[in-house]
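Asker: One file is attached below, coords_3.cif, containing mmCIF, C-alpha atoms and all ligand atoms.
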data_structure
loop_
_atom_site.label_atom_id
_atom_site.label_comp_id
_atom_site.auth_asym_id
_atom_site.auth_seq_id
_atom_site.Cartn_x
_atom_site.Cartn_y
_atom_site.Cartn_z
CA MET A 115 63.95 66.20 132.88
CA LYS A 116 64.53 63.05 130.80
CA ILE A 117 64.42 59.44 131.93
CA THR A 118 68.12 59.04 131.17
CA GLU A 119 68.91 61.80 133.67
CA ILE A 120 67.26 60.00 136.59
CA ALA A 121 69.76 58.58 139.07
CA GLN A 122 69.82 54.83 139.62
CA GLU A 123 70.71 55.33 143.29
CA GLU A 124 68.06 54.77 145.90
CA TYR A 125 68.20 56.66 149.21
CA ILE A 126 65.36 54.80 150.89
CA THR A 127 65.79 51.22 152.05
CA GLY A 128 62.56 49.73 153.28
CA SER A 129 59.84 51.71 154.96
CA LEU A 130 56.83 51.21 157.20
CA SER A 131 54.63 53.44 155.03
CA CYS A 132 51.40 51.95 153.70
CA ALA A 133 51.62 50.27 150.30
CA GLY A 134 51.32 52.84 147.55
CA CYS A 135 52.22 55.81 149.76
CA ALA A 136 52.66 58.86 147.54
CA GLU A 137 54.45 60.81 150.29
CA LEU A 138 57.20 58.22 150.29
CA LEU A 139 57.31 58.22 146.48
CA ALA A 140 57.67 62.01 146.48
CA VAL A 141 60.60 61.77 148.92
CA ARG A 142 62.20 58.96 146.91
CA LEU A 143 62.03 60.96 143.66
CA ALA A 144 63.31 64.14 145.35
CA LEU A 145 66.33 62.31 146.73
CA LYS A 146 67.09 60.88 143.30
CA VAL A 147 67.41 64.47 142.08
CA LEU A 148 69.28 65.82 145.12
CA GLY A 149 71.66 62.93 145.85
CA ASN A 150 73.15 62.21 149.25
CA ARG A 151 74.49 65.66 150.20
CA VAL A 152 71.18 66.35 151.89
CA VAL A 153 69.90 67.03 155.39
CA LEU A 154 66.21 66.28 155.87
CA ILE A 155 64.26 68.32 158.41
CA VAL A 156 61.08 66.41 159.18
CA PRO A 157 58.41 67.32 161.75
CA ALA A 158 55.87 64.86 163.15
CA GLY A 159 53.94 63.27 160.32
CA CYS A 160 53.90 60.06 158.32
CA MET A 161 57.45 60.51 157.03
CA SER A 162 58.87 60.56 160.56
CA THR A 163 56.47 58.83 162.91
CA VAL A 164 55.31 56.07 160.55
CA ASN A 165 58.66 55.50 158.92
CA CYS A 166 61.23 55.94 161.63
CA TYR A 167 61.01 53.62 164.60
CA TYR A 168 64.52 53.17 165.92
CA PRO A 169 66.43 51.20 164.70
CA GLN A 170 64.27 51.27 161.56
CA LEU A 171 65.55 54.36 159.72
CA PRO A 172 64.76 54.06 156.02
CA PHE A 173 66.34 57.29 154.77
CA ARG A 174 70.00 56.90 153.88
CA VAL A 175 70.71 60.60 154.40
CA PRO A 176 70.93 62.58 157.66
CA MET A 177 67.52 63.38 159.06
CA PHE A 178 66.43 65.63 161.92
CA VAL A 179 62.96 65.24 163.45
CA GLY A 180 61.96 68.61 164.85
CA PRO A 181 58.94 70.03 166.67
CA PHE A 182 55.73 69.99 164.67
CA ALA A 183 55.47 73.76 164.29
CA ALA A 184 59.13 74.55 163.67
CA THR A 185 60.15 73.20 160.24
CA GLY A 186 60.72 76.63 158.71
CA ALA A 187 62.73 77.85 161.69
CA ILE A 188 64.94 74.75 161.67
CA LEU A 189 65.51 75.01 157.92
CA SER A 190 66.64 78.62 158.38
CA GLY A 191 68.92 77.76 161.28
CA VAL A 192 70.55 74.72 159.66
CA SER A 193 71.02 76.63 156.42
CA ALA A 194 72.64 79.54 158.28
CA GLY A 195 74.90 77.09 160.12
CA PHE A 196 76.17 75.54 156.91
CA ARG A 197 76.76 79.00 155.48
CA MET A 198 78.78 80.07 158.53
CA ARG A 199 80.95 76.99 158.12
CA GLY A 200 81.44 77.62 154.40
CA ILE A 201 79.61 74.43 153.40
CA LYS A 202 77.80 75.10 150.15
CA ASP A 203 77.07 71.68 148.68
CA VAL A 204 74.48 70.36 151.15
CA HIS A 205 70.79 70.69 150.35
CA VAL A 206 68.72 71.59 153.41
CA VAL A 207 65.31 70.08 152.76
CA GLY A 208 62.09 70.22 154.78
CA LEU A 209 59.55 67.43 154.42
CA ALA A 210 56.34 68.41 156.19
CA GLY A 211 52.72 67.35 155.84
CA ASP A 212 49.84 69.69 155.13
CA GLY A 213 48.99 69.85 158.84
CA GLY A 214 52.61 70.68 159.64
CA THR A 215 52.70 73.33 156.91
CA ALA A 216 49.33 74.94 156.20
CA ASP A 217 48.20 74.89 159.83
CA ILE A 218 50.65 74.53 162.68
CA GLY A 219 53.87 75.39 160.81
CA LEU A 220 52.59 78.31 158.74
CA ALA A 221 54.05 81.13 160.82
CA SER A 222 57.43 79.40 160.91
CA LEU A 223 57.39 78.85 157.14
CA SER A 224 56.41 82.47 156.56
CA GLN A 225 59.26 83.84 158.64
CA ALA A 226 61.74 81.41 157.05
CA ILE A 227 60.81 82.65 153.57
CA VAL A 228 61.20 86.24 154.72
CA GLY A 229 64.61 85.31 156.21
CA ARG A 230 65.81 84.38 152.70
CA ARG A 231 68.13 81.50 153.70
CA LYS A 232 68.67 78.81 151.06
CA PHE A 233 66.48 75.75 151.63
CA ILE A 234 63.91 73.59 149.88
CA TYR A 235 60.59 73.20 151.68
CA ILE A 236 58.54 70.28 150.35
CA CYS A 237 54.97 70.16 151.63
CA LEU A 238 53.57 66.63 151.29
CA ASP A 239 49.85 67.33 151.08
CA ASN A 240 47.64 64.28 151.69
CA GLU A 241 44.83 66.61 152.69
CA ALA A 242 44.51 65.59 156.36
CA TYR A 243 46.49 64.84 159.50
CA MET A 244 46.99 61.24 158.44
CA ASN A 245 49.50 59.76 160.81
CA THR A 246 47.37 60.45 163.87
CA GLY A 247 44.28 58.91 162.30
CA ILE A 248 42.88 61.12 159.53
CA GLN A 249 41.91 64.42 161.17
CA TRP A 250 40.68 67.43 159.17
CA SER A 251 43.29 69.99 158.13
CA SER A 252 42.77 73.31 156.39
CA THR A 253 43.76 71.67 153.09
CA THR A 254 41.12 68.94 153.35
CA PRO A 255 38.86 69.40 150.32
CA TYR A 256 35.22 70.35 150.62
CA GLY A 257 33.04 67.31 151.31
CA ALA A 258 35.76 64.89 152.44
CA ILE A 259 35.05 62.93 155.61
CA THR A 260 37.71 62.78 158.29
CA THR A 261 37.55 61.46 161.85
CA THR A 262 36.98 65.00 163.13
CA THR A 263 34.40 65.79 160.42
CA PRO A 264 32.48 62.50 160.28
CA LEU A 265 28.90 63.68 159.85
CA PRO A 266 27.04 64.52 156.65
CA GLU A 267 25.93 67.85 158.03
CA ILE A 268 29.58 68.86 158.19
CA VAL A 269 29.32 69.23 154.41
CA ARG A 270 27.83 72.67 154.74
CA GLU A 271 26.97 75.13 152.03
CA SER A 272 29.17 77.72 153.67
CA GLU A 273 32.25 75.53 153.71
CA GLN A 274 35.09 76.35 151.38
CA ASN A 275 37.51 74.13 149.50
CA LYS A 276 41.20 73.71 150.42
CA LYS A 277 43.14 76.61 151.92
CA ASP A 278 45.10 78.26 149.11
CA LEU A 279 48.52 77.62 150.62
CA PHE A 280 50.35 78.19 147.35
CA SER A 281 48.99 81.73 146.96
CA ILE A 282 49.98 82.48 150.56
CA VAL A 283 53.53 81.32 149.83
CA ILE A 284 53.95 83.24 146.59
CA ALA A 285 52.56 86.36 148.24
CA HIS A 286 55.94 86.37 150.05
CA ARG A 287 57.66 86.91 146.66
CA ILE A 288 59.60 83.71 147.27
CA PRO A 289 62.35 83.15 144.66
CA TYR A 290 60.94 79.79 143.53
CA ALA A 291 57.71 77.89 144.22
CA ALA A 292 55.83 75.15 142.44
CA THR A 293 52.98 72.72 142.82
CA ALA A 294 53.48 69.11 141.76
CA CYS A 295 52.31 65.53 142.09
CA PRO A 296 54.38 62.32 141.84
CA SER A 297 51.86 61.05 139.28
CA TYR A 298 53.72 63.45 136.96
CA PRO A 299 57.24 62.42 138.00
CA PHE A 300 59.27 64.28 135.38
CA ASP A 301 57.45 67.53 136.03
CA TYR A 302 57.98 67.04 139.77
CA MET A 303 61.66 66.15 139.52
CA GLU A 304 62.36 69.08 137.21
CA LYS A 305 60.82 71.34 139.85
CA VAL A 306 63.00 69.80 142.58
CA LYS A 307 66.01 70.46 140.34
CA ARG A 308 65.00 74.10 139.90
CA ALA A 309 64.40 74.49 143.62
CA ALA A 310 67.87 73.06 144.31
CA ALA A 311 69.40 75.58 141.92
CA THR A 312 67.64 78.51 143.57
CA ASP A 313 69.79 80.81 145.67
CA GLY A 314 67.34 81.34 148.49
CA PRO A 315 64.19 79.72 149.84
CA SER A 316 62.09 77.51 147.61
CA PHE A 317 58.80 75.75 148.17
CA ILE A 318 57.19 72.77 146.43
CA HIS A 319 53.60 71.90 147.31
CA VAL A 320 53.09 68.26 146.35
CA LEU A 321 49.73 66.53 146.27
CA THR A 322 50.30 63.06 147.72
CA PRO A 323 47.27 60.74 147.43
CA CYS A 324 46.86 58.59 150.54
CA GLN A 325 45.08 55.27 150.20
CA SER A 326 44.35 55.04 153.93
CA GLY A 327 42.84 58.49 154.35
CA TRP A 328 41.20 58.87 150.96
CA GLY A 329 39.88 55.34 150.60
CA PHE A 330 41.11 53.89 147.33
CA PRO A 331 43.04 50.69 146.46
CA SER A 332 46.79 51.05 147.00
CA SER A 333 47.41 50.14 143.35
CA LYS A 334 45.58 53.33 142.27
CA THR A 335 47.83 55.98 143.82
CA ILE A 336 49.27 57.21 140.53
CA ALA A 337 45.86 57.18 138.84
CA MET A 338 44.39 59.15 141.75
CA GLY A 339 46.99 61.92 141.41
CA LYS A 340 46.36 62.08 137.67
CA MET A 341 42.61 62.33 138.19
CA ALA A 342 43.13 65.14 140.70
CA VAL A 343 44.97 67.13 138.05
CA GLU A 344 42.73 66.16 135.14
CA SER A 345 39.63 67.19 137.12
CA GLY A 346 41.09 70.52 138.26
CA MET A 347 41.12 69.48 141.94
CA TRP A 348 44.89 70.06 141.73
CA HIS A 349 47.00 72.20 139.42
CA LEU A 350 50.58 71.87 138.26
CA CYS A 351 52.10 75.31 138.25
CA GLU A 352 55.26 77.22 138.90
CA TYR A 353 56.23 80.61 140.27
CA ARG A 354 59.56 81.91 138.99
CA ASP A 355 61.01 85.40 138.69
CA GLY A 356 57.80 86.78 140.13
CA LYS A 357 55.63 85.12 137.47
CA LEU A 358 53.08 82.36 137.82
CA SER A 359 52.51 79.84 135.02
CA PHE A 360 50.89 76.48 134.52
CA SER A 361 53.33 73.67 133.73
CA TYR A 362 50.54 71.40 132.55
CA VAL A 363 46.98 72.01 131.47
CA PRO A 364 44.60 69.05 130.97
CA LYS A 365 43.45 68.78 127.37
CA ASN A 366 40.14 67.18 128.31
CA LYS A 367 39.06 68.08 131.81
CA ILE A 368 37.07 65.40 133.62
CA PRO A 369 34.16 66.24 135.94
CA VAL A 370 34.95 66.46 139.65
CA ALA A 371 32.16 63.87 140.15
CA ASP A 372 34.36 61.21 138.47
CA TYR A 373 37.17 61.91 140.96
CA VAL A 374 34.87 62.02 143.97
CA LYS A 375 33.02 58.78 143.33
CA ILE A 376 36.12 56.57 143.49
CA GLN A 377 37.20 57.65 147.00
CA THR A 378 35.35 56.59 150.15
CA ARG A 379 36.17 59.87 151.92
CA PHE A 380 33.61 61.58 149.68
CA ARG A 381 30.93 58.92 150.16
CA ARG A 382 28.54 61.16 152.05
CA MET A 383 28.40 63.86 149.42
CA LYS A 384 25.01 64.38 147.85
CA PRO A 385 24.65 65.58 144.22
CA GLU A 386 24.23 69.17 145.40
CA HIS A 387 27.50 68.95 147.35
CA ILE A 388 29.31 67.66 144.28
CA ASP A 389 27.87 70.52 142.23
CA ARG A 390 29.16 72.94 144.88
CA LEU A 391 32.60 71.37 144.78
CA GLN A 392 32.65 71.63 140.98
CA LYS A 393 31.75 75.31 141.32
CA LEU A 394 34.54 75.88 143.85
CA VAL A 395 37.02 74.14 141.54
CA ASP A 396 35.91 76.18 138.52
CA GLU A 397 36.17 79.41 140.52
CA ARG A 398 39.66 78.49 141.68
CA LEU A 399 40.79 77.82 138.11
CA GLN A 400 39.40 81.16 137.00
CA ALA A 401 41.18 82.94 139.85
CA MET A 402 44.45 81.26 138.91
CA GLN A 403 44.05 82.14 135.26
CA GLU A 404 43.64 85.75 136.29
CA MET A 405 46.90 85.53 138.24
CA ILE A 406 48.79 83.89 135.38
CA SER A 407 51.15 86.22 133.66
CA GLU A 408 52.32 83.78 130.99
CA PRO A 409 50.28 81.75 128.47
CA ALA A 410 49.64 78.14 129.50
CA GLU A 411 51.74 75.39 127.94
CA VAL A 412 50.33 71.93 127.40
CA ALA A 413 52.86 69.26 128.35
CA PRO A 414 53.12 66.15 126.14
C1 LIG B 501 52.64 70.19 168.84
C2 LIG B 501 52.12 68.86 168.40
N1 LIG B 501 50.81 68.66 168.27
C3 LIG B 501 50.34 67.46 167.85
C4 LIG B 501 51.19 66.44 167.60
C5 LIG B 501 50.62 65.10 167.20
N2 LIG B 501 50.83 64.83 165.80
C6 LIG B 501 51.89 64.15 165.37
S1 LIG B 501 51.88 63.90 163.73
C7 LIG B 501 50.39 64.67 163.57
C8 LIG B 501 49.69 64.76 162.24
C9 LIG B 501 50.57 65.19 161.12
O1 LIG B 501 49.78 65.53 160.01
P1 LIG B 501 50.44 66.15 158.72
O2 LIG B 501 51.36 67.25 159.09
O3 LIG B 501 49.36 66.51 157.78
O4 LIG B 501 51.33 64.96 158.17
P2 LIG B 501 50.88 63.48 157.69
O5 LIG B 501 50.84 62.63 158.92
O6 LIG B 501 49.53 63.59 157.04
O7 LIG B 501 51.96 63.07 156.77
C10 LIG B 501 49.94 65.14 164.81
C11 LIG B 501 48.67 65.85 165.03
C12 LIG B 501 52.57 66.66 167.74
N3 LIG B 501 53.48 65.73 167.46
N4 LIG B 501 53.02 67.87 168.15
S1 LIG B 502 48.62 57.08 155.99
FE1 LIG B 502 48.81 57.86 153.88
S2 LIG B 502 50.55 59.30 153.92
FE2 LIG B 502 50.66 58.01 155.80
S3 LIG B 502 52.02 56.31 155.27
FE3 LIG B 502 49.92 55.64 154.83
S4 LIG B 502 49.57 56.14 152.63
FE4 LIG B 502 51.38 57.30 153.35
#
Can I see the file as structure tokens?
Answerer:
Amino acid sequence: MKITEIAQEEYITGSLSCAGCAELLAVRLALKVLGNRVVLIVPAGCMSTVNCYYPQLPFRVPMFVGPFAATGAILSGVSAGFRMRGIKDVHVVGLAGDGGTADIGLASLSQAIVGRRKFIYICLDNEAYMNTGIQWSSTTPYGAITTTTPLPEIVRESEQNKKDLFSIVIAHRIPYAATACPSYPFDYMEKVKRAAATDGPSFIHVLTPCQSGWGFPSSKTIAMGKMAVESGMWHLCEYRDGKLSFSYVPKNKIPVADYVKIQTRFRRMKPEHIDRLQKLVDERLQAMQEMISEPAEVAP
């Protein structure tokens, strides 16, 4: 996607999100790709509870706030309803956090993918239940402090890194899935475009750095997303036609320690914990490379 292709229109007018909120940026960029023929299905989470206090409704497209666990089911139902009425030009889009997707909404998402209705599910992953005060989720990385994992001894040797949600989703043989980060906006928007063109369910797992929960200055959101990718804590990849590929591979990987030391959520990690996290990250990369069926391309 080129800069000249990006719509001038804005579909968000004011918001109560924190300054530098990457979730909001991800929604803003997605709507620029999708336009205003969109219905947003949003469970509890920062995009609904923080942003939408009546009469403050920042999204200029129809939005439905559903039960926390039900995003996938609602996407399926709304999509089926449009189909029954012969309406083909409305994008049915889910916007759920990592808690609402990888934990409480996982069964609903799974069944929705199996149901094969056309929808776009965007998981906004800030790596904790942020809107209720930074509780641990299964996508919280190893070593990060949350209000439900506040003690150093929580950083245990046995603990694993993030739940591999993306692998769970592609195990469904979903027609289209991708990982993204708004720090790489063109890559992300191209993926939204491809999801919109998919005739069936699609899923985009977006890393959305959160200044409140991660502990970094609000001006550093974009840099934080870039460091996540450059350190291997996050990958940009795509699953199309049954094949997984990287859409970007860092030329010079940075150590995980550089990423960890600039966020207060990792402040209780000792050197041995950081070494363990580096090992987990390296193992994850190796596992992904083994799954890759196409050679990696390095984006400019
Ligand atoms: C069934 C149910 N349990 C708990 C809650 C309380 N709740 C509302 S939002 C939220 C956290 C959402 O976290 P996440 O899905 O990760 O989104 P984020 O706030 O981080 O964007 C919780 C626990 C709820 N609304 N419904
Ligand atoms: S807590 Fe994090 S995700 Fe929620 S509005 Fe603030 S920056 Fe955005």
Asker: How far is it from atom CA of Lys365 of chain A to atom CA of Met115 of chain A, in Å with one decimal?
Answerer: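 Those two atoms sit 21.4 Å apart.
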Asker: Counting all atoms listed in the file, I want the residues whose atoms come within 10 Å of (56.7, 78.4, 141.1) in the file frame, returned as a PDB file with C-alpha atoms, keeping the file's coordinate frame.
Answerer:
ATOM      1  CA  PHE A 280      50.350  78.190 147.350  1.00  0.00           C
ATOM      2  CA  VAL A 283      53.530  81.320 149.830  1.00  0.00           C
ATOM      3  CA  ILE A 284      53.950  83.240 146.590  1.00  0.00           C
ATOM      4  CA  ILE A 288      59.600  83.710 147.270  1.00  0.00           C
ATOM      5  CA  PRO A 289      62.350  83.150 144.660  1.00  0.00           C
ATOM      6  CA  TYR A 290      60.940  79.790 143.530  1.00  0.00           C
ATOM      7  CA  ALA A 291      57.710  77.890 144.220  1.00  0.00           C
ATOM      8  CA  ALA A 292      55.830  75.150 142.440  1.00  0.00           C
ATOM      9  CA  THR A 293      52.980  72.720 142.820  1.00  0.00           C
ATOM     10  CA  ALA A 294      53.480  69.110 141.760  1.00  0.00           C
ATOM     11  CA  LYS A 305      60.820  71.340 139.850  1.00  0.00           C
ATOM     12  CA  ARG A 308      65.000  74.100 139.900  1.00  0.00           C
ATOM     13  CA  ALA A 309      64.400  74.490 143.620  1.00  0.00           C
ATOM     14  CA  SER A 316      62.090  77.510 147.610  1.00  0.00           C
ATOM     15  CA  PHE A 317      58.800  75.750 148.170  1.00  0.00           C
ATOM     16  CA  ILE A 318      57.190  72.770 146.430  1.00  0.00           C
ATOM     17  CA  HIS A 319      53.600  71.900 147.310  1.00  0.00           C
ATOM     18  CA  LEU A 350      50.580  71.870 138.260  1.00  0.00           C
ATOM     19  CA  CYS A 351      52.100  75.310 138.250  1.00  0.00           C
ATOM     20  CA  GLU A 352      55.260  77.220 138.900  1.00  0.00           C
ATOM     21  CA  TYR A 353      56.230  80.610 140.270  1.00  0.00           C
ATOM     22  CA  ARG A 354      59.560  81.910 138.990  1.00  0.00           C
ATOM     23  CA  ASP A 355      61.010  85.400 138.690  1.00  0.00           C
ATOM     24  CA  GLY A 356      57.800  86.780 140.130  1.00  0.00           C
ATOM     25  CA  LYS A 357      55.630  85.120 137.470  1.00  0.00           C
ATOM     26  CA  LEU A 358      53.080  82.360 137.820  1.00  0.00           C
ATOM     27  CA  SER A 359      52.510  79.840 135.020  1.00  0.00           C
ATOM     28  CA  PHE A 360      50.890  76.480 134.520  1.00  0.00           C
ATOM     29  CA  SER A 361      53.330  73.670 133.730  1.00  0.00           C
TER      30      SER A 361
END
Asker: Show which residues sit within 10 Å of Cys166 of chain A, as a list in words. Count all atoms listed in the file, and ignore same-chain residues fewer than 5 positions away.
Answerer: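 Residues near the query, excluding close chain neighbours: Ser129, Leu130, Ser131, Cys160, Met161, Leu171, Pro172, Phe173 and Val179 of chain A.
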Asker: Atom CA of Ile259 of chain A and atom P1 of ligand LIG 501 (chain B) are how many Å apart?
Answerer: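 Rounded to one decimal, the two atoms are 16.0 Å apart.
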Asker: Which chains and residue numbers are within 10 Å of ligand LIG 501 (chain B), counting only C-alpha atoms and all ligand atoms, if I want them as a PyMOL selection string?
Answerer: chain A and resi 137-138+156-164+180-184+209-219+237-254+322+324+327
Asker: Measure the distance from atom CA of Thr262 of chain A to atom CA of Glu344 of chain A in Å and round it to one decimal.
Answerer: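 Atom CA of Glu344 of chain A lies 28.6 Å from atom CA of Thr262 of chain A.
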Asker: Draw an axis-aligned box tight on the listed atoms of ligand LIG 502 (chain B), then pad every side by 4 Å and write out centre and edge lengths in Å to one decimal as lines of an AutoDock Vina configuration file.
Answerer:
center_x = 50.3
center_y = 57.5
center_z = 154.3
size_x = 11.4
size_y = 11.7
size_z = 11.4
Asker: Looking at all atoms listed in the file, which of A:Leu279, A:Phe196, A:Tyr256, A:Gln377 is the one that sits closest to Ser224 of chain A?
Answerer: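 Among A:Leu279, A:Phe196, A:Tyr256, A:Gln377, it is A:Leu279 that comes nearest to Ser224 of chain A.
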Asker: Skip Tyr125 of chain A itself and residues of its chain fewer than 6 positions away, then list as JSON, numbers by chain all residues within 8 Å of it, counting all atoms listed in the file.
Answerer: {"A": [142, 145, 146, 149, 150, 173, 174, 175]}
Asker: Using all atoms listed in the file, pick whichever of A:Met405, A:Val320, A:Val207, A:Ala187 has the shortest atom-to-atom distance to Val228 of chain A.
Answerer: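 Counting all atoms listed in the file, the residue closest to Val228 of chain A is A:Ala187.
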Asker: Counting only C-alpha atoms, which residue out of A:Ile234, A:Val192, A:Val152, A:Leu143 sits closest to Pro176 of chain A?
Answerer: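 That would be A:Val152, the residue with the smallest distance to Pro176 of chain A.
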Asker: Write out as a VMD selection string each polymer residue whose atoms come within 12 Å of Lys116 of chain A, counting all atoms listed in the file; drop sequence neighbours fewer than 5 positions from it.
Answerer: chain A and resid 121 147 299 to 304
Asker: Which neighbours of Ala136 of chain A fall inside 9 Å, counting only C-alpha atoms, when residues of the same chain fewer than 3 positions from it are skipped, and could you give them as a list of chain:residue names?
Answerer: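 Residues meeting the cut-off are A:Leu139, A:Ala140, A:Val141, A:Leu238, A:Asn240, A:Cys295, A:Pro296, A:Ser297, A:Leu321, A:Thr322, A:Pro323, A:Cys324, A:Gln325, A:Thr335, A:Ile336, A:Gly339.
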Asker: Find, counting all atoms listed in the file, the residue in A:Arg231, A:Gln122, A:Ala258, A:Ser332 that gets nearest to ligand LIG 502 (chain B).
Answerer: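 Selected residue with least distance to ligand LIG 502 (chain B): A:Ser332.
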Asker: Counting only C-alpha atoms, which of A:Met338, A:Ala226, A:Ile368, A:Leu391 gets nearest to Cys135 of chain A?
Answerer: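 Closest to Cys135 of chain A, using only C-alpha atoms: A:Met338.
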Asker: So which one's closest to ligand LIG 502 (chain B), A:Lys277, A:Lys334, A:His205, A:Arg151? Using all atoms listed in the file, please.
Answerer: A:Lys334
